[in-house]
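Below is input29.txt, which holds compact mmCIF, C-alpha atoms.
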# COMPACT_ATOMS: atom_id res chain seq x y z
CA MET A 1 7.48 0.91 34.49
CA ILE A 2 11.13 1.83 34.97
CA ASP A 3 11.91 3.62 38.21
CA PRO A 4 12.84 7.17 37.11
CA LEU A 5 15.25 7.66 40.01
CA GLY A 6 17.07 4.41 39.11
CA LEU A 7 17.40 5.55 35.50
CA TRP A 8 18.60 8.96 36.70
CA ILE A 9 21.31 7.36 38.87
CA PHE A 10 22.37 5.16 35.93
CA GLY A 11 22.63 8.22 33.67
CA ARG A 12 24.60 10.14 36.24
CA VAL A 13 27.10 7.27 36.76
CA VAL A 14 27.64 6.97 32.99
CA ILE A 15 28.08 10.74 32.59
CA ASP A 16 30.43 11.14 35.58
CA THR A 17 32.58 8.13 34.71
CA SER A 18 32.99 8.98 31.03
CA LEU A 19 33.85 12.62 31.78
CA MET A 20 36.37 11.60 34.47
CA VAL A 21 38.08 9.14 32.12
CA LEU A 22 38.16 11.75 29.32
CA TRP A 23 39.60 14.39 31.66
CA GLY A 24 42.21 12.21 33.37
CA CYS A 25 43.24 10.11 30.38
CA THR A 26 43.72 12.93 27.85
CA GLY A 27 45.21 15.11 30.60
CA PHE A 28 47.79 12.42 31.29
CA LEU A 29 48.58 12.27 27.57
CA SER A 30 48.86 16.01 26.95
CA THR A 31 50.79 16.95 30.09
CA ILE A 32 53.02 14.29 31.61
CA THR A 33 53.68 11.91 28.70
CA PRO A 34 57.12 12.50 27.11
CA PRO A 35 56.65 13.53 23.42
CA PRO A 36 58.28 10.39 21.91
CA LEU A 37 55.75 8.19 23.75
CA ARG A 38 52.72 10.29 22.80
CA PRO A 39 51.87 8.66 19.42
CA VAL A 40 51.88 5.19 21.04
CA LEU A 41 49.56 6.27 23.84
CA ALA A 42 47.47 8.57 21.63
CA ARG A 43 46.13 5.65 19.57
CA ARG A 44 44.72 3.95 22.64
CA VAL A 45 43.49 7.19 24.22
CA TRP A 46 41.73 8.19 20.98
CA GLY A 47 39.81 4.92 20.99
CA ILE A 48 38.80 5.15 24.62
CA SER A 49 37.82 8.82 24.31
CA VAL A 50 35.49 8.04 21.40
CA ILE A 51 33.84 5.33 23.55
CA CYS A 52 33.57 7.82 26.45
CA ILE A 53 31.92 10.49 24.28
CA MET A 54 29.38 7.92 23.03
CA MET A 55 28.72 6.86 26.65
CA LEU A 56 28.29 10.53 27.58
CA VAL A 57 25.60 10.94 24.91
CA VAL A 58 23.81 7.77 26.10
CA GLY A 59 23.94 9.04 29.70
CA LEU A 60 22.56 12.45 28.72
CA LEU A 61 19.72 10.90 26.69
CA ALA A 62 18.81 8.66 29.63
CA ILE A 63 19.01 11.29 32.36
CA LEU A 64 16.77 13.96 30.80
CA PRO A 65 13.47 12.02 30.71
CA ALA A 66 14.37 10.38 34.03
CA GLN A 67 14.89 13.73 35.74
CA ILE A 68 11.67 15.21 34.35
CA ALA A 69 9.77 12.11 35.49
CA VAL A 70 11.30 12.40 38.97
CA VAL A 71 10.44 16.10 39.25
CA THR A 72 6.87 15.81 37.93
CA ASP A 73 6.08 12.28 39.19
CA ASP A 74 4.73 11.58 35.73
CA TRP A 75 6.42 9.83 32.79
CA ARG A 76 3.97 11.52 30.38
CA ALA A 77 5.43 14.91 31.30
CA THR A 78 8.65 13.92 29.52
CA VAL A 79 6.96 14.29 26.13
CA ASP A 80 5.24 17.56 26.95
CA PRO A 81 7.20 20.34 25.15
CA GLN A 82 6.12 23.00 27.66
CA THR A 83 7.39 20.97 30.64
CA LEU A 84 10.58 20.08 28.80
CA TRP A 85 11.23 23.74 28.02
CA SER A 86 10.49 24.85 31.60
CA PHE A 87 12.77 22.14 32.93
CA LEU A 88 15.68 22.99 30.62
CA THR A 89 15.48 26.74 31.19
CA LEU A 90 14.20 27.20 34.73
CA THR A 91 15.78 24.48 36.90
CA SER A 92 19.39 24.03 38.02
CA GLY A 93 19.38 20.41 36.82
CA GLY A 94 18.04 21.51 33.43
CA ARG A 95 20.70 24.17 33.01
CA VAL A 96 23.47 21.71 33.82
CA TRP A 97 21.96 19.39 31.21
CA ASP A 98 22.15 22.22 28.65
CA ILE A 99 25.84 22.79 29.47
CA LEU A 100 26.63 19.07 29.28
CA ALA A 101 24.76 18.69 25.99
CA GLY A 102 26.74 21.60 24.54
CA GLY A 103 29.94 20.19 26.01
CA SER A 104 29.42 16.73 24.55
CA LEU A 105 28.68 18.26 21.15
CA LEU A 106 31.96 20.22 21.31
CA LEU A 107 33.79 17.09 22.56
CA GLY A 108 32.46 15.08 19.64
CA LEU A 109 33.35 17.81 17.13
CA GLY A 110 36.79 18.26 18.70
CA ARG A 111 37.57 14.57 18.57
CA TRP A 112 36.37 14.31 14.97
CA LEU A 113 37.87 17.50 13.49
CA GLN A 114 41.01 17.78 15.66
CA PRO A 115 41.90 14.19 16.61
CA ARG A 116 45.42 15.21 17.73
CA ARG A 117 44.33 18.02 20.04
CA HIS A 118 44.10 16.02 23.25
CA ALA A 119 44.43 19.10 25.47
CA LEU A 120 41.20 20.42 23.92
CA VAL A 121 39.36 17.30 25.12
CA THR A 122 40.95 17.72 28.57
CA VAL A 123 39.73 21.31 28.88
CA LEU A 124 36.21 20.54 27.61
CA ALA A 125 35.81 17.49 29.86
CA GLY A 126 37.14 19.51 32.82
CA CYS A 127 34.59 22.27 32.20
CA CYS A 128 31.77 19.71 31.94
CA LEU A 129 32.84 18.13 35.25
CA ALA A 130 33.00 21.55 36.90
CA SER A 131 29.48 22.39 35.68
CA LEU A 132 28.10 19.48 37.72
CA SER A 133 28.62 21.57 40.87
CA LEU A 134 25.88 23.98 39.70
CA THR A 135 23.24 21.55 40.93
CA GLY A 136 22.85 19.10 43.79
CA HIS A 137 24.21 19.47 47.29
CA ALA A 138 27.04 21.75 46.19
CA ALA A 139 24.35 24.28 45.24
CA MET A 140 22.19 23.96 48.34
CA THR A 141 23.23 27.25 49.90
CA THR A 142 23.46 30.82 48.63
CA GLY A 143 25.96 33.65 48.41
CA LEU A 144 29.59 33.34 49.45
CA GLN A 145 29.10 29.94 51.07
CA ARG A 146 27.69 28.58 47.83
CA ALA A 147 30.66 29.88 45.81
CA LEU A 148 33.04 28.29 48.29
CA HIS A 149 31.15 25.00 48.36
CA ALA A 150 31.05 24.89 44.55
CA SER A 151 34.82 25.55 44.37
CA ILE A 152 35.53 22.69 46.77
CA ASP A 153 33.18 20.46 44.83
CA ILE A 154 35.02 21.33 41.59
CA VAL A 155 38.39 20.56 43.21
CA HIS A 156 36.93 17.25 44.42
CA ILE A 157 35.52 16.05 41.11
CA LEU A 158 38.56 17.20 39.10
CA SER A 159 41.11 15.59 41.43
CA ALA A 160 39.08 12.38 41.70
CA GLY A 161 38.72 12.42 37.91
CA ALA A 162 42.46 12.91 37.47
CA TRP A 163 43.00 9.91 39.76
CA LEU A 164 40.56 7.59 37.95
CA GLY A 165 41.26 8.77 34.40
CA GLY A 166 45.00 8.80 35.11
CA LEU A 167 44.77 5.15 36.15
CA VAL A 168 43.34 4.23 32.74
CA ALA A 169 46.33 5.92 31.08
CA PHE A 170 48.61 4.23 33.65
CA VAL A 171 47.39 0.80 32.52
CA PHE A 172 48.13 1.76 28.89
CA ILE A 173 51.61 3.05 29.81
CA MET A 174 52.40 -0.17 31.68
CA ALA A 175 51.68 -2.02 28.46
CA ALA A 176 54.11 0.31 26.64
CA THR A 177 56.94 -0.63 29.01
CA HIS A 178 57.12 -4.00 27.24
CA ASP A 179 58.29 -2.16 24.13
CA ILE A 180 62.09 -1.87 24.68
CA PRO A 181 62.70 1.45 22.81
CA GLN A 182 59.76 3.06 24.64
CA ARG A 183 60.75 1.84 28.09
CA PRO A 184 62.83 4.88 29.22
CA HIS A 185 60.01 7.27 28.21
CA ALA A 186 57.44 5.07 29.92
CA VAL A 187 59.51 5.15 33.11
CA VAL A 188 59.59 8.99 32.97
CA ALA A 189 55.80 9.10 32.47
CA LEU A 190 55.22 6.69 35.36
CA SER A 191 57.41 8.66 37.73
CA ARG A 192 55.56 11.91 36.85
CA PHE A 193 52.26 10.05 37.32
CA SER A 194 53.45 9.05 40.77
CA THR A 195 54.17 12.68 41.72
CA LEU A 196 50.88 14.05 40.36
CA GLY A 197 49.05 11.03 41.72
CA HIS A 198 50.05 11.99 45.28
CA VAL A 199 48.68 15.49 44.74
CA ALA A 200 45.43 14.24 43.13
CA VAL A 201 44.75 11.68 45.87
CA ALA A 202 45.51 14.19 48.64
CA LEU A 203 43.29 16.86 47.05
CA ALA A 204 40.46 14.37 46.46
CA ILE A 205 40.50 13.25 50.09
CA LEU A 206 40.81 16.75 51.59
CA SER A 207 38.11 18.28 49.39
CA GLY A 208 35.92 15.24 50.10
CA VAL A 209 36.24 15.81 53.86
CA ALA A 210 35.48 19.53 53.45
CA ASN A 211 32.52 18.69 51.20
CA SER A 212 31.02 16.24 53.69
CA LEU A 213 31.39 18.73 56.53
CA LEU A 214 29.77 21.49 54.45
CA ILE A 215 26.79 19.33 53.53
CA LEU A 216 26.24 17.60 56.85
CA GLY A 217 27.60 20.11 59.34
CA HIS A 218 29.17 17.19 61.23
CA LEU A 219 30.89 13.85 60.60
CA PRO A 220 28.74 11.12 58.97
CA THR A 221 28.10 9.08 62.11
CA ASN A 222 24.36 8.43 61.93
CA LEU A 223 23.91 4.88 60.63
CA GLN A 224 20.11 5.35 60.61
CA SER A 225 20.54 7.80 57.73
CA PRO A 226 20.87 6.10 54.33
CA TYR A 227 22.82 9.13 53.07
CA GLN A 228 25.41 8.93 55.83
CA THR A 229 25.68 5.13 55.62
CA GLN A 230 26.38 5.26 51.90
CA LEU A 231 28.83 8.13 52.41
CA LEU A 232 30.66 6.00 55.00
CA ILE A 233 30.82 3.07 52.56
CA LYS A 234 32.23 5.41 49.94
CA ILE A 235 34.83 6.73 52.40
CA GLY A 236 35.77 3.10 53.13
CA LEU A 237 36.16 2.36 49.42
CA VAL A 238 38.35 5.43 48.95
CA GLY A 239 40.41 4.23 51.91
CA ILE A 240 40.98 0.86 50.22
CA MET A 241 41.77 2.63 46.93
CA THR A 242 44.32 4.87 48.65
CA LEU A 243 45.90 1.85 50.37
CA THR A 244 46.12 0.05 47.01
CA ALA A 245 47.74 3.12 45.45
CA VAL A 246 50.25 3.33 48.30
CA VAL A 247 51.10 -0.40 48.03
CA ASN A 248 51.46 -0.02 44.25
CA ARG A 249 53.79 2.95 44.61
CA TYR A 250 55.88 1.89 47.60
CA VAL A 251 55.90 -1.91 47.35
CA PHE A 252 55.52 -2.93 43.71
CA VAL A 253 57.30 -0.02 41.98
CA PRO A 254 60.55 -0.65 43.92
CA LEU A 255 60.12 -4.34 43.08
CA LEU A 256 60.22 -3.55 39.34
CA ARG A 257 64.05 -3.75 39.39
CA LYS A 258 64.24 -7.19 40.97
CA ARG A 259 61.14 -9.06 39.83
CA GLN A 260 59.96 -7.10 36.83
CA ARG A 261 57.29 -9.39 35.43
CA PHE A 262 55.67 -10.09 38.80
CA ALA A 263 55.74 -6.40 39.77
CA GLU A 264 54.19 -5.34 36.43
CA THR A 265 51.34 -7.81 36.80
CA ALA A 266 50.77 -6.69 40.38
CA LEU A 267 50.76 -2.99 39.39
CA GLN A 268 48.23 -3.57 36.63
CA ALA A 269 46.04 -5.69 38.87
CA GLY A 270 46.21 -3.01 41.57
CA ALA A 271 45.31 -0.24 39.11
CA THR A 272 42.37 -2.26 37.72
CA PHE A 273 41.16 -2.96 41.27
CA GLU A 274 41.33 0.77 42.10
CA LEU A 275 39.38 1.57 38.92
CA LEU A 276 36.68 -0.94 39.83
CA LEU A 277 36.31 0.50 43.34
CA GLY A 278 36.37 3.99 41.82
CA VAL A 279 33.36 3.24 39.62
CA ILE A 280 31.50 1.82 42.65
CA ALA A 281 32.36 5.02 44.56
CA VAL A 282 30.98 7.16 41.70
CA THR A 283 27.80 5.03 41.72
CA LEU A 284 27.38 5.57 45.46
CA VAL A 285 27.80 9.34 45.05
CA ALA A 286 25.18 9.38 42.27
CA ALA A 287 22.80 7.48 44.56
CA PHE A 288 23.26 9.32 47.85
CA GLY A 289 23.54 12.66 46.06
CA THR A 290 19.77 12.44 45.54
CA MET A 291 19.06 11.69 49.21
CA ASP A 292 18.44 13.89 52.16
CA PRO A 293 21.73 14.18 54.12
CA SER A 294 20.15 14.36 57.59
CA MET B 295 55.33 21.56 54.01
CA LYS B 296 53.31 22.45 50.92
CA HIS B 297 50.99 19.54 51.56
CA THR B 298 50.48 20.60 55.16
CA SER B 299 49.37 24.10 54.20
CA VAL B 300 46.91 22.73 51.63
CA LEU B 301 45.57 20.38 54.29
CA LEU B 302 45.15 23.19 56.79
CA ALA B 303 43.44 25.40 54.22
CA PHE B 304 40.86 22.73 53.42
CA ALA B 305 40.31 21.78 57.04
CA GLY B 306 39.78 25.45 57.87
CA VAL B 307 37.28 25.94 55.07
CA GLY B 308 35.39 22.84 56.16
CA GLY B 309 35.40 23.96 59.77
CA LEU B 310 34.08 27.42 58.95
CA PHE B 311 30.69 26.09 57.98
CA ALA B 312 30.69 22.85 59.88
CA ALA B 313 28.71 24.50 62.66
CA SER B 314 25.70 25.38 60.50
CA PRO B 315 23.53 22.32 59.93
CA ALA B 316 22.35 22.02 56.38
CA PHE B 317 19.01 21.21 54.79
CA ALA B 318 19.59 20.10 51.25
CA HIS B 319 15.97 19.21 50.66
CA ALA B 320 13.09 21.63 50.82
CA HIS B 321 11.14 20.49 53.87
CA LEU B 322 8.03 22.28 55.02
CA LYS B 323 8.88 24.50 57.99
CA SER B 324 5.44 25.91 58.71
CA ALA B 325 2.16 26.56 56.97
CA ASN B 326 -0.84 28.83 57.29
CA PRO B 327 -3.39 27.47 58.09
CA THR B 328 -1.19 25.12 60.11
CA ASP B 329 -1.48 21.35 60.18
CA LYS B 330 -4.61 20.13 62.04
CA ALA B 331 -5.73 23.72 62.60
CA ILE B 332 -9.41 24.48 63.13
CA VAL B 333 -10.05 27.97 61.74
CA SER B 334 -13.24 29.97 62.09
CA THR B 335 -12.63 32.40 59.22
CA ALA B 336 -12.03 30.83 55.83
CA PRO B 337 -8.46 31.55 54.62
CA THR B 338 -8.09 33.50 51.37
CA ALA B 339 -4.69 32.02 50.65
CA LEU B 340 -2.43 29.10 51.60
CA THR B 341 1.05 29.99 52.79
CA LEU B 342 3.75 27.33 52.90
CA ASP B 343 7.10 28.19 54.42
CA PHE B 344 10.03 25.96 53.41
CA LYS B 345 13.53 25.46 54.79
CA GLU B 346 15.09 26.13 51.41
CA GLY B 347 14.49 28.15 48.24
CA LEU B 348 12.07 26.61 45.74
CA ASN B 349 11.79 26.39 41.99
CA LEU B 350 8.40 27.92 41.14
CA ALA B 351 7.87 26.07 37.84
CA PHE B 352 7.97 22.67 39.54
CA SER B 353 6.56 23.42 42.97
CA GLY B 354 2.96 23.77 44.03
CA ALA B 355 0.11 22.51 46.13
CA ASP B 356 -3.34 21.05 45.60
CA LEU B 357 -6.14 21.91 47.99
CA LEU B 358 -8.65 19.05 48.28
CA ASP B 359 -11.98 19.21 50.08
CA ALA B 360 -13.44 16.36 52.16
CA SER B 361 -14.78 14.61 49.05
CA GLY B 362 -11.30 14.70 47.47
CA SER B 363 -12.06 17.19 44.72
CA SER B 364 -9.73 20.08 43.95
CA VAL B 365 -10.58 23.60 45.09
CA LEU B 366 -9.91 26.32 42.51
CA GLN B 367 -6.64 28.13 43.18
CA GLY B 368 -4.96 31.20 41.79
CA LYS B 369 -1.40 31.54 40.57
CA ALA B 370 1.23 30.51 43.13
CA GLN B 371 3.94 32.99 44.07
CA LEU B 372 7.29 32.84 45.84
CA SER B 373 8.55 35.35 48.38
CA ASN B 374 11.01 35.59 51.30
CA GLY B 375 14.07 34.54 49.23
CA ASP B 376 12.00 31.91 47.37
CA ASP B 377 11.39 30.09 50.67
CA THR B 378 7.69 30.93 50.98
CA LEU B 379 5.03 29.67 48.59
CA THR B 380 1.74 31.58 48.61
CA ILE B 381 -1.30 30.24 46.79
CA PRO B 382 -4.38 32.52 46.62
CA LEU B 383 -7.78 30.84 46.76
CA GLN B 384 -10.37 31.96 44.25
CA SER B 385 -13.50 31.20 46.25
CA THR B 386 -14.42 31.34 49.93
CA LEU B 387 -13.94 27.93 51.53
CA LYS B 388 -17.12 26.28 52.80
CA PRO B 389 -16.98 24.76 56.28
CA GLY B 390 -15.40 21.29 56.26
CA ASP B 391 -12.13 19.33 56.25
CA TYR B 392 -9.42 20.18 53.75
CA THR B 393 -6.17 18.50 52.74
CA VAL B 394 -3.18 20.29 51.20
CA LYS B 395 -0.94 18.06 49.05
CA TRP B 396 2.25 19.89 48.25
CA HIS B 397 5.26 19.07 46.07
CA ALA B 398 8.46 21.08 45.98
CA LEU B 399 11.57 21.20 43.84
CA SER B 400 14.35 22.91 45.74
CA ALA B 401 16.54 25.41 43.91
CA ASP B 402 19.40 22.89 43.99
CA GLY B 403 17.26 20.25 42.25
CA HIS B 404 15.96 17.94 44.98
CA LYS B 405 12.35 16.90 45.18
CA THR B 406 10.15 16.60 48.26
CA ASP B 407 6.41 16.25 48.84
CA GLY B 408 3.93 15.89 51.66
CA SER B 409 0.48 16.77 52.87
CA TYR B 410 -1.33 18.27 55.84
CA SER B 411 -4.90 19.07 56.68
CA PHE B 412 -7.02 21.73 58.35
CA THR B 413 -10.67 22.30 59.13
CA VAL B 414 -12.87 25.35 58.48
CA LYS B 415 -15.41 25.66 61.31
CA PRO B 416 -18.99 26.53 60.41

If you took the structure in this file and wrote it as structure tokens, what would it be?
Amino acid sequence: MIDPLGLWIFGRVVIDTSLMVLWGCTGFLSTITPPPLRPVLARRVWGISVICIMMLVVGLLAILPAQIAVVTDDWRATVDPQTLWSFLTLTSGGRVWDILAGGSLLLGLGRWLQPRRHALVTVLAGCCLASLSLTGHAAMTTGLQRALHASIDIVHILSAGAWLGGLVAFVFIMAATHDIPQRPHAVVALSRFSTLGHVAVALAILSGVANSLLILGHLPTNLQSPYQTQLLIKIGLVGIMTLTAVVNRYVFVPLLRKRQRFAETALQAGATFELLLGVIAVTLVAAFGTMDPS
Amino acid sequence: MKHTSVLLAFAGVGGLFAASPAFAHAHLKSANPTDKAIVSTAPTALTLDFKEGLNLAFSGADLLDASGSSVLQGKAQLSNGDDTLTIPLQSTLKPGDYTVKWHALSADGHKTDGSYSFTVKP
């Protein structure tokens, strides 16, 4: 029999990643891309957003039975209508599932009926990401502290999503720089990405530190705790990602003038590497998010 | 300058609550009858006190007698900010060893379980 917790983690990784790409990629397109470049980028973003919405649906269909099986210790409970109803209406995880299901329906409808309204997808994906803070460790306290913790969690997931999703758009924009008439617009988009990228990375790191302190009450130093060990690995990965971003921005971007082809290849390789590490980081969060922090 | 103030704001927020250790999973804090207790009067209810608020629909406990069969229980209730689970017993417990197997879903969606035992003296 499939391990329900393993299936749950898989579902959560698929949901988180697809929402982050939707949020960052369409956000990049609707805010910082100069209008003449938008049609070029929009074609690629449309394709990837359709894939993301399909992944979101797959993730949601996988996570619901997995979560019920985890909670009840019984796979048979997943087909019991009474249990399903109780889960969807009475638990925090169930209510987040309801929001995400509604959100993915709206995302699908939006993409289908209004294919040019990229900002709509950005807003919907952002709301779905924010709803994730209604369950899990961000919701472990009550009152004012809970509101504060949830806000920090929302800042964290939205800034990390802007970073990851923005990188996908960055790779597309790099490809557009080969097109001579588009090059000046692409350069404008890349320089805006650089500015916003600094803010997103800084916010992601700061909110991540605050989040860890709120959950643990101290720094993650206990290597006997699987939660803290995985959190430390994630922090290490984010460190490497940040270093890659810094090298990309301050080594390879200046090199674009002198050795254009080499610098472009290096930038794309760096961005792809960051994306890969980013997905591993999301997987770690999905895994240790289910564990006991102490 | 702008970045510095954002940094300070976040560090401050983190520091505010850093002192209070957190329990993100509903662990059993205490129970009545307590673990390994030998009681002379049969309890009329089981009381389980957790470190965190519970979700009633997916939390509960089974009381098993020495032969491993379930003892009839009433409807479980939450009190004390959803931290305390009280399960009334429908019949007077006969003398013997009993095991309580509990499972809890915390309000934030994490699952825990465990068991403890007590003895009713003749």

State, in Å with one decimal place, the distance from atom CA of Val57 of chain A to atom CA of Ser104 of chain A.
6.9 Å

The residue from A:Leu107, A:Val40, A:Ile173, A:Ala200 with the smallest atom-to-atom distance to chain B, counting all atoms listed in the file, is A:Ala200

Skip segment 377-393 of chain B itself and residues of its chain fewer than 5 positions away, then list as an NGL selection string all residues within 7 Å of it, counting only C-alpha atoms.
:B and (336 or 338-348 or 357-360 or 366-372 or 409-416)

Find the spatial neighbours of segment 82-98 of chain A, counting all atoms listed in the file, within a cut-off of 7 Å - ignore same-chain residues fewer than 5 positions away - and output them as a PyMOL selection string.
(chain A and resi 77+131-132+134-135) or (chain B and resi 349+351+401-403)

Pull out every residue of chain A sitting within 7 Å of chain B, counting all atoms listed in the file, and send them as a PDB file with C-alpha atoms, keeping the file's coordinate frame.
ATOM      1  CA  VAL A  71      10.440  16.100  39.250  1.00  0.00           C
ATOM      2  CA  SER A  86      10.490  24.850  31.600  1.00  0.00           C
ATOM      3  CA  THR A  91      15.780  24.480  36.900  1.00  0.00           C
ATOM      4  CA  SER A  92      19.390  24.030  38.020  1.00  0.00           C
ATOM      5  CA  GLY A  93      19.380  20.410  36.820  1.00  0.00           C
ATOM      6  CA  THR A 135      23.240  21.550  40.930  1.00  0.00           C
ATOM      7  CA  GLY A 136      22.850  19.100  43.790  1.00  0.00           C
ATOM      8  CA  HIS A 137      24.210  19.470  47.290  1.00  0.00           C
ATOM      9  CA  ALA A 139      24.350  24.280  45.240  1.00  0.00           C
ATOM     10  CA  MET A 140      22.190  23.960  48.340  1.00  0.00           C
ATOM     11  CA  LEU A 206      40.810  16.750  51.590  1.00  0.00           C
ATOM     12  CA  SER A 207      38.110  18.280  49.390  1.00  0.00           C
ATOM     13  CA  ALA A 210      35.480  19.530  53.450  1.00  0.00           C
ATOM     14  CA  LEU A 213      31.390  18.730  56.530  1.00  0.00           C
ATOM     15  CA  LEU A 214      29.770  21.490  54.450  1.00  0.00           C
ATOM     16  CA  ILE A 215      26.790  19.330  53.530  1.00  0.00           C
ATOM     17  CA  LEU A 216      26.240  17.600  56.850  1.00  0.00           C
ATOM     18  CA  GLY A 217      27.600  20.110  59.340  1.00  0.00           C
ATOM     19  CA  HIS A 218      29.170  17.190  61.230  1.00  0.00           C
ATOM     20  CA  THR A 290      19.770  12.440  45.540  1.00  0.00           C
ATOM     21  CA  ASP A 292      18.440  13.890  52.160  1.00  0.00           C
ATOM     22  CA  PRO A 293      21.730  14.180  54.120  1.00  0.00           C
TER      23      PRO A 293
END

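One finds atom CA of Gly289 of chain A at 11.3 Å from atom CA of Ser212 of chain A.
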
Å distance separating atom CA of Val21 of chain A from atom CA of Ala66 of chain A, one decimal place:
23.8 Å

So that I can check the surroundings of Leu29 of chain A, please list as a list in words every protein, DNA and RNA residue that reaches within 9 Å of it, counting all atoms listed in the file and ignoring chain neighbours fewer than 6 positions away.
Arg38, Leu41, Ala42, Val45, His118, Ala119 and Ala169 of chain A

When you count only C-alpha atoms, which of these residues is closest to Trp396 of chain B: B:Asp329, B:Pro337, B:Val365, B:Gly408?
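So, comparing all the options, the nearest one is B:Gly408.
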
Which residues, written as a ChimeraX atom specification, have at least one atom at most 8 Å from Leu275 of chain A, with only C-alpha atoms counted and residues fewer than 6 positions away on the same chain left out?
/A:164,167-168

Would you compute an axis-aligned box for segment 229-240 of chain A, covering every atom listed for it in the file with 8 Å of margin on each side, and report centre and edge lengths in Å to one decimal as AutoDock Vina command-line options?
--center_x 33.3 --center_y 4.5 --center_z 52.3 --size_x 31.3 --size_y 23.3 --size_z 22.7

Since the input is missing atoms for segment 388-406 of chain B, could you rebuild it with N, CA and C atoms and give the result as a compact mmCIF listing (two decimals), in the coordinates of the input?
# COMPACT_ATOMS: atom_id res chain seq x y z
N LYS B 388 -15.94 26.66 52.01
CA LYS B 388 -17.12 26.28 52.80
C LYS B 388 -16.62 25.53 54.04
N PRO B 389 -17.40 25.52 55.10
CA PRO B 389 -16.98 24.76 56.28
C PRO B 389 -16.72 23.29 55.92
N GLY B 390 -15.71 22.69 56.54
CA GLY B 390 -15.40 21.29 56.26
C GLY B 390 -13.92 21.01 56.42
N ASP B 391 -13.53 19.75 56.13
CA ASP B 391 -12.13 19.33 56.25
C ASP B 391 -11.42 19.51 54.91
N TYR B 392 -10.21 19.98 54.98
CA TYR B 392 -9.42 20.18 53.75
C TYR B 392 -8.04 19.55 53.89
N THR B 393 -7.52 19.06 52.76
CA THR B 393 -6.17 18.50 52.74
C THR B 393 -5.33 19.27 51.72
N VAL B 394 -4.11 19.63 52.12
CA VAL B 394 -3.18 20.29 51.20
C VAL B 394 -2.11 19.28 50.82
N LYS B 395 -2.01 18.95 49.52
CA LYS B 395 -0.94 18.06 49.05
C LYS B 395 0.06 18.91 48.31
N TRP B 396 1.26 19.02 48.88
CA TRP B 396 2.25 19.89 48.25
C TRP B 396 3.41 19.08 47.65
N HIS B 397 4.03 19.65 46.63
CA HIS B 397 5.26 19.07 46.07
C HIS B 397 6.22 20.22 45.81
N ALA B 398 7.48 19.99 46.11
CA ALA B 398 8.46 21.08 45.98
C ALA B 398 9.72 20.59 45.29
N LEU B 399 10.24 21.44 44.41
CA LEU B 399 11.57 21.20 43.84
C LEU B 399 12.46 22.29 44.39
N SER B 400 13.47 21.89 45.16
CA SER B 400 14.35 22.91 45.74
C SER B 400 15.21 23.52 44.65
N ALA B 401 15.73 24.71 44.92
CA ALA B 401 16.54 25.41 43.91
C ALA B 401 17.73 24.57 43.48
N ASP B 402 18.25 23.71 44.36
CA ASP B 402 19.40 22.89 43.99
C ASP B 402 18.98 21.56 43.33
N GLY B 403 17.69 21.37 43.08
CA GLY B 403 17.26 20.25 42.25
C GLY B 403 16.75 19.01 42.97
N HIS B 404 16.49 19.11 44.27
CA HIS B 404 15.96 17.94 44.98
C HIS B 404 14.45 18.05 45.15
N LYS B 405 13.80 16.90 45.15
CA LYS B 405 12.35 16.90 45.18
C LYS B 405 11.83 16.38 46.53
N THR B 406 10.81 17.06 47.04
CA THR B 406 10.15 16.60 48.26
C THR B 406 8.65 16.76 48.07
